[in-house]
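Q: Got a structure here, written out as structure tokens. Questions coming.
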Amino acid sequence: MRVSCLQENLSKGLGVVGRAVAGKTTLPMINNVLLSIDQSRLKLSATNLEIAITCWIGAKVEEEGAIAIPARLLSEFVNSLPNERIDMNLSPRQRVLGLRCARFEARINGMDAEDFPPIPMIDEASIISLDPVGLRSAITQVVFAAATDDTRPVLTGVHFRLEGNQATLATADGFRLAIRKLSLATPVAEKMEVIIPARSLSELNRLLGDETEPVQLAISAAKNQVLFRLKNVVMVSQLIQGTFPNYNQLVPQSYQSRAVVTVSDFQRASRTASIFARDGSGIIRIQVTPGGELSPGRMAISARAEEYGDNTGEIDATVDGEGAKIAFNSTYLMDVLGVIDEEEVALETTSPSSPGVLRPVGSESYLHVVMPMFVQW
Amino acid sequence: MRPPIRVLPQEVASQIAAGEVVERPASVVKELVENALDAGATQVSVEVVEGGRRLIRVADDGCGIPEDEVELAFQRHATSKIADTFDLEAIGTLGFRGEALPSIAAVAQVTMVTRTQDAATGTYLRLAPASGGKVARERRACSSGTSVAVSDLFHHVPARLKFLRSPTTENGHIAHLVTQFVFAYPQVRFTLKVDGRTLIQSSGSGDLREAVAAAYQWEVAQSLLAIEKDPRQEDSRLPSGVVVSGLVSPPALSRGGRSYMSFFVNGRWVQSRMLSYALEEAYQGFLLSGKHPIAILLIGLPHREVDVNVHPTKAEVRFVHEREVFGAVNGAARRTLAILAPVPQMTRVAAPVPSGEGLPLALGSGEGVLVSPVISPPSSSLPVLRVLGQVANTYIIAEGPQGMYLIDQHTAHERVLYHKLRTQLAGRGVERQGLLEPLTVEVTSRQEELLQVHGELLFQYGFEVDHFGGRNYLVRSVPALLSVKGDTAQVLQRFLDELADEKEPGDWAQKVAISLACHTAVRAGDTLTLSEMRALVQDLEATDQPRTCPHGRPTMIYLSQSQLEREFGRR
Ligand SMILES: Nc1ncnc2c1ncn2[C@@H]1O[C@H](COP(=O)(O)OP(=O)(O)OP(=O)(O)O)[C@@H](O)[C@H]1O
Ligand SMILES: [Mg+2]
């Protein structure tokens, strides 16, 4: 293999696939990154057996070849080089990769490319095109509500449903539920439902970065893998097998009280309260008071710490229905407020012990349900 | 044909292991059920009221007792099961002493109704210890089989009465016992009713897995592994002819107590350290320390190879070739695990901390100097600590004004959670987080008893649990401290098991808090971020006894500045 490329590109590419390199593992092979040549481009691949990332970078290819190189070592070395041309050289049937850049030279011992686990390939016959900006925001709005312990593996994933011209992403961890709808440019031929590990989608979100071209999605015929194709990157993830709970029945159909508040106000008041809530289990109490003839409606957000004291913040609210009292875990509240892009949000409640619903005002596409904490008022 | 009941000759009687037969209500149940099984019953129903103190009734559809032998059955050393010393060496029945009925009749009122298949009418006999024996006898129409009702147990034995535990505890023992019979005799239909409620109902289909499902959760029964046959079994080259069969748990399934390990020798439930050890040894490396497998092991061997005549209540047996039995049980479990669970999760069992003062800390090699850490009195508060990092995903290294601290993340977190739970309980109550969808938990009959008795306490600690139907319960809320992570159903179950294993009464509220803290704390091996470690140490500083966990284990080791200097030869 004889190939040259720019230090900057190789460094970036290694950064991209590096996310799929298994950290510590007993399988030494998957601590490696696979370097190979693909139609006059240099192809980098890495896998941790849950996700595989492949990245192509522009290069001048003089001789084909392939080798697996320890990922950490290679990327640390490349990152420390000046931004100039790097020449890579691998003699046939050898396992030592020579690198030369400016006045630096290195030889790195690699492993046989043949031994590298196969990077899954998906027949991309039925490709679905997604808007990268919408996909990014959708992932951001749901991933945080996926379960982190694997008591029920399906809950550690994002339920991804494609039907007609709509994609629906949903997560639930037993205490909260996030649902985001995304419209598709072209309708899908047949309805599809898969569960994608939340971790994989978080990785995808990082890769999406400032991507502007549509992202292509394909699901393997065996329904066990999903592929996302970006401009120069392909990510393949295993899917979680199982049935996702029917979450629609968990969304309350009505409310007794609906308070519309400014997201930034709500966020600030919650953040302030959470300082006092930190001591216990992070309880934030919310009290909604409807407006009268002359006074506007308001929402009081308070917390108290057994030993230290308490605090209350008040914000304006447009209240529909009755007053309300409800307590939430501060983390859950801050999590959802942090991902709402709209200016205002509505909090819909029925009783202190039934789930609260948060909906951005002016958008039908997002919905978040949180179970309250049961407290004495 | 069933041999008649005869009084054993003196020289035989004197060779029978003697001692107290009836220790508690469960012993009565055991003797009566064993008699029913010896009588060839296919259906056995057990009924208890008030923990067995008021009433224990065992009814069977077995062979019954002929009219002229009924009184004899209540005489000491009268049995139909053996006749001479020779028989004593190869006992094939559960009973053989002719002791059970007379012993029971000595401490309680007994009513027996019995009829053999071919008799036209049955016999009704009533005995009361207070009136010195028989109080009533008559002919009665009844179905064939035997029904024995025991009431006013220990009424006239105040010394015994005093040692009876609460009905719940006694019911727990009885349920546990009947569970064992269900496992040993899956072909018999058992019913256990406690105060009118059916706790156990087995199908009698003969399928062991089904029997397990009747007593434990269905899911547990499904995931147990069937014991792999010994390849040597086929050509009967087995030494001493031991055959082991049954079900054992896969490595991923375990319990916090040993009460889920059941051993049966020729259909007799036995307790044996040797057998427990043989089984647990096979799990070495598969289970974390403190975890025990679930097992139902049926050990069959020629009657001559086992001596059941060693313990007054027959709870223990002696094997003629003990090593071989050990090998057979150990091998059976190993084989099963090796074939069915090929990927062992290697978790080394930590060596126990040598008892003595504190934890010795060895520094340097060769000449390794032992430094006894200074563990200040538990009440003293902590200085402000600066977290430096984590060792082995288990210990947090921190620096204080006077030296270095190594903090055990699990015990430290236990202390923190315990402190928070107790503070919350003393204040406005434990904070509860509602579940979006109630969680269904299936419990065992033993766990159910505890749920009913300690329901209020569990509620105070944040578990809102409702009865759903059968042995299914709905969990609607959990302690908020727990909602961050963890398997709620598992925590709840482990926690009930731990309470079930509690022998002493004591302060339940405290026990619950300790157990909850222990089951929800971060574990050794969990990677923590720097900020998580900081938060943990800060929380630890805020507790009243930061230096020990609620079980009393140390949370930290302290190495003073001057000790460090000495070790490095600076002074
Ligand atoms: N349920 C029953 N059905 C038929 N026969 C019974 C039943 N219960 C007791 N018997 C008869 O009564 C006899 C005495 O019972 P008992 O339980 O006192 O002694 P055992 O079973 O022979 O020995 P052990 O003291 O070891 O239990 C038995 O040998 C049996 O013949
Ligand atoms: Mg008997």
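Here's how to read the names in the structure tokens: chain A, B, ... by the order shown, residue numbers from 1 in each chain, ligand numbers from 1 in the order shown.
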Residues of chain A within 8 Å of chain B, using only C-alpha atoms, as a list in words?
A: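 Matching residues, ligands excluded from the count: Thr148, Asp149, Thr151, Gly174, Phe175, Arg176, Leu250, Gly280, Ser281, Glu306, Asn329, Ser353, Pro355, Val370, Met371, Pro372, Met373, Phe374, Val375 and Gln376 of chain A.
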Q: Which residues sit within 8 Å of ligand 2, counting only C-alpha atoms and all ligand atoms, listed as a list in words?
A: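 These are the residues that qualify: Glu31, Leu32, Glu34, Asn35, Asp38, Leu94, Gly95, Phe96, Arg97, Gly98, Glu99, Ala100 and Leu101 of chain B.
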Q: Take the residues from that selection and write them out as a tab-separated table (two decimals), in the first residue's frame, keeping all heavy atoms.
A:
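The result, written out as result.tsv:
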chain	number	residue	atom	x	y	z
B	31	GLU	N	-44.37	-33.39	59.59
B	31	GLU	CA	-44.67	-34.78	59.94
B	31	GLU	C	-45.96	-35.25	59.28
B	31	GLU	O	-46.03	-36.36	58.77
B	31	GLU	CB	-44.77	-34.94	61.46
B	31	GLU	CG	-43.46	-34.72	62.20
B	31	GLU	CD	-42.35	-35.67	61.77
B	31	GLU	OE1	-42.66	-36.77	61.26
B	31	GLU	OE2	-41.16	-35.30	61.93
B	32	LEU	N	-46.98	-34.38	59.29
B	32	LEU	CA	-48.26	-34.81	58.74
B	32	LEU	C	-48.19	-34.97	57.23
B	32	LEU	O	-48.75	-35.92	56.66
B	32	LEU	CB	-49.36	-33.81	59.13
B	32	LEU	CG	-49.63	-33.70	60.64
B	32	LEU	CD1	-50.74	-32.70	60.91
B	32	LEU	CD2	-50.01	-35.07	61.21
B	34	GLU	N	-45.53	-35.68	55.53
B	34	GLU	CA	-44.73	-36.88	55.25
B	34	GLU	C	-45.58	-38.14	55.39
B	34	GLU	O	-45.47	-39.07	54.58
B	34	GLU	CB	-43.53	-36.95	56.19
B	34	GLU	CG	-42.46	-35.93	55.83
B	34	GLU	CD	-41.16	-36.12	56.58
B	34	GLU	OE1	-41.13	-36.93	57.54
B	34	GLU	OE2	-40.19	-35.47	56.21
B	35	ASN	N	-46.41	-38.18	56.39
B	35	ASN	CA	-47.30	-39.33	56.56
B	35	ASN	C	-48.22	-39.48	55.36
B	35	ASN	O	-48.46	-40.58	54.88
B	35	ASN	CB	-48.14	-39.20	57.83
B	35	ASN	CG	-47.31	-39.55	59.07
B	35	ASN	OD1	-46.21	-40.08	58.95
B	35	ASN	ND2	-47.86	-39.24	60.24
B	38	ASP	N	-46.22	-40.83	52.50
B	38	ASP	CA	-45.94	-42.27	52.72
B	38	ASP	C	-47.19	-43.10	52.44
B	38	ASP	O	-47.10	-44.27	52.08
B	38	ASP	CB	-45.47	-42.52	54.16
B	38	ASP	CG	-43.99	-42.19	54.34
B	38	ASP	OD1	-43.28	-42.07	53.32
B	38	ASP	OD2	-43.54	-42.05	55.49
B	94	LEU	N	-40.58	-41.90	54.18
B	94	LEU	CA	-40.18	-40.68	54.89
B	94	LEU	C	-40.22	-40.90	56.39
B	94	LEU	O	-39.38	-40.44	57.14
B	94	LEU	CB	-41.08	-39.52	54.47
B	94	LEU	CG	-40.94	-39.10	53.00
B	94	LEU	CD1	-42.06	-38.16	52.60
B	94	LEU	CD2	-39.59	-38.45	52.75
B	95	GLY	N	-41.22	-41.63	56.85
B	95	GLY	CA	-41.32	-41.94	58.28
B	95	GLY	C	-40.76	-43.31	58.56
B	95	GLY	O	-40.67	-44.14	57.66
B	96	PHE	N	-40.36	-43.54	59.79
B	96	PHE	CA	-39.90	-44.88	60.15
B	96	PHE	C	-39.82	-45.04	61.66
B	96	PHE	O	-39.65	-46.12	62.17
B	96	PHE	CB	-38.52	-45.18	59.55
B	96	PHE	CG	-37.45	-44.17	59.94
B	96	PHE	CD1	-36.73	-44.31	61.12
B	96	PHE	CD2	-37.18	-43.08	59.12
B	96	PHE	CE1	-35.76	-43.39	61.48
B	96	PHE	CE2	-36.21	-42.16	59.48
B	96	PHE	CZ	-35.50	-42.30	60.66
B	97	ARG	N	-40.00	-43.92	62.42
B	97	ARG	CA	-39.75	-44.01	63.85
B	97	ARG	C	-40.98	-44.37	64.65
B	97	ARG	O	-40.90	-44.83	65.78
B	97	ARG	CB	-39.23	-42.66	64.37
B	97	ARG	CG	-38.06	-42.12	63.63
B	97	ARG	CD	-37.97	-40.62	63.83
B	97	ARG	NE	-39.25	-39.99	63.47
B	97	ARG	CZ	-39.45	-38.70	63.46
B	97	ARG	NH1	-38.49	-37.87	63.82
B	97	ARG	NH2	-40.62	-38.21	63.12
B	98	GLY	N	-42.16	-44.05	64.08
B	98	GLY	CA	-43.37	-44.21	64.87
B	98	GLY	C	-43.41	-43.22	66.02
B	98	GLY	O	-43.92	-43.49	67.10
B	99	GLU	N	-42.87	-42.04	65.77
B	99	GLU	CA	-42.75	-41.03	66.82
B	99	GLU	C	-43.65	-39.84	66.58
B	99	GLU	O	-44.03	-39.14	67.52
B	99	GLU	CB	-41.30	-40.50	66.84
B	99	GLU	CG	-40.29	-41.37	67.51
B	99	GLU	CD	-40.24	-41.14	69.02
B	99	GLU	OE1	-41.12	-40.42	69.54
B	99	GLU	OE2	-39.33	-41.68	69.65
B	100	ALA	N	-43.94	-39.56	65.32
B	100	ALA	CA	-44.54	-38.28	64.98
B	100	ALA	C	-45.91	-38.08	65.63
B	100	ALA	O	-46.10	-37.12	66.39
B	100	ALA	CB	-44.63	-38.14	63.47
B	101	LEU	N	-46.84	-38.97	65.35
B	101	LEU	CA	-48.18	-38.75	65.86
B	101	LEU	C	-48.21	-38.68	67.39
B	101	LEU	O	-48.81	-37.76	67.95
B	101	LEU	CB	-49.14	-39.81	65.32
B	101	LEU	CG	-49.43	-39.68	63.81
B	101	LEU	CD1	-50.41	-40.78	63.36
B	101	LEU	CD2	-50.00	-38.31	63.48
Q: What's around B:Pro9 at 12 Å? Count only C-alpha atoms, leave out sequence neighbours fewer than 6 positions away in its own chain, and write the answer as a list in words.
A: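 In the requested format, the answer is Gln15, Ile16, Arg76, His77, Ala78, Thr79, Ile82, Ala83, Asp84, Thr85, Arg97 and Gly98 of chain B.
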Q: Compare B:Met261, B:Ala73, B:Ala517, B:Val46 by their minimum atom-to-atom distance to B:Tyr277, counting only C-alpha atoms, and give me the closest one.
A: B:Met261
Q: Going by DSSP on the backbone, which residues of stretch 59-138 of chain A come out as strand (DSSP E or B)? List them as a PyMOL selection string.
A: chain A and resi 60-63+66-70+85-90+96-101+104-109+111+128-130
Q: Pull C-alpha atoms from the residues just selected and write them as a PDB file, in the first residue's frame.
A:
ATOM      1  CA  LYS A  60      -3.353  10.052  -3.744  1.00  0.00           C
ATOM      2  CA  VAL A  61      -3.177   6.303  -4.153  1.00  0.00           C
ATOM      3  CA  GLU A  62      -0.165   4.693  -5.750  1.00  0.00           C
ATOM      4  CA  GLU A  63      -0.586   1.125  -4.601  1.00  0.00           C
ATOM      5  CA  ALA A  66      -4.846  -2.703   3.774  1.00  0.00           C
ATOM      6  CA  ILE A  67      -3.736  -2.955   7.386  1.00  0.00           C
ATOM      7  CA  ALA A  68      -5.160  -2.643  10.905  1.00  0.00           C
ATOM      8  CA  ILE A  69      -3.296  -0.195  13.138  1.00  0.00           C
ATOM      9  CA  PRO A  70      -3.751   0.542  16.876  1.00  0.00           C
ATOM     10  CA  ARG A  85       1.397  15.795   3.393  1.00  0.00           C
ATOM     11  CA  ILE A  86       1.661  12.380   5.000  1.00  0.00           C
ATOM     12  CA  ASP A  87       3.073   9.511   2.965  1.00  0.00           C
ATOM     13  CA  MET A  88       2.124   6.049   4.077  1.00  0.00           C
ATOM     14  CA  ASN A  89       3.892   2.978   2.958  1.00  0.00           C
ATOM     15  CA  LEU A  90       3.199  -0.687   3.587  1.00  0.00           C
ATOM     16  CA  VAL A  96       4.626  -2.522   9.549  1.00  0.00           C
ATOM     17  CA  LEU A  97       3.180   0.741   8.317  1.00  0.00           C
ATOM     18  CA  GLY A  98       5.720   3.445   7.558  1.00  0.00           C
ATOM     19  CA  LEU A  99       4.585   7.070   7.868  1.00  0.00           C
ATOM     20  CA  ARG A 100       6.463  10.125   6.797  1.00  0.00           C
ATOM     21  CA  CYS A 101       5.427  13.750   7.197  1.00  0.00           C
ATOM     22  CA  PHE A 104       9.037  13.091  10.947  1.00  0.00           C
ATOM     23  CA  GLU A 105       9.053   9.400  10.326  1.00  0.00           C
ATOM     24  CA  ALA A 106       7.425   6.525  12.140  1.00  0.00           C
ATOM     25  CA  ARG A 107       6.952   2.824  11.783  1.00  0.00           C
ATOM     26  CA  ILE A 108       3.903   1.316  13.452  1.00  0.00           C
ATOM     27  CA  ASN A 109       3.315  -2.394  13.911  1.00  0.00           C
ATOM     28  CA  MET A 111      -2.219  -6.500  12.423  1.00  0.00           C
ATOM     29  CA  ILE A 128     -34.947   6.856   3.251  1.00  0.00           C
ATOM     30  CA  SER A 129     -33.762  10.394   3.072  1.00  0.00           C
ATOM     31  CA  LEU A 130     -33.777  12.568   6.187  1.00  0.00           C
TER      32      LEU A 130
END
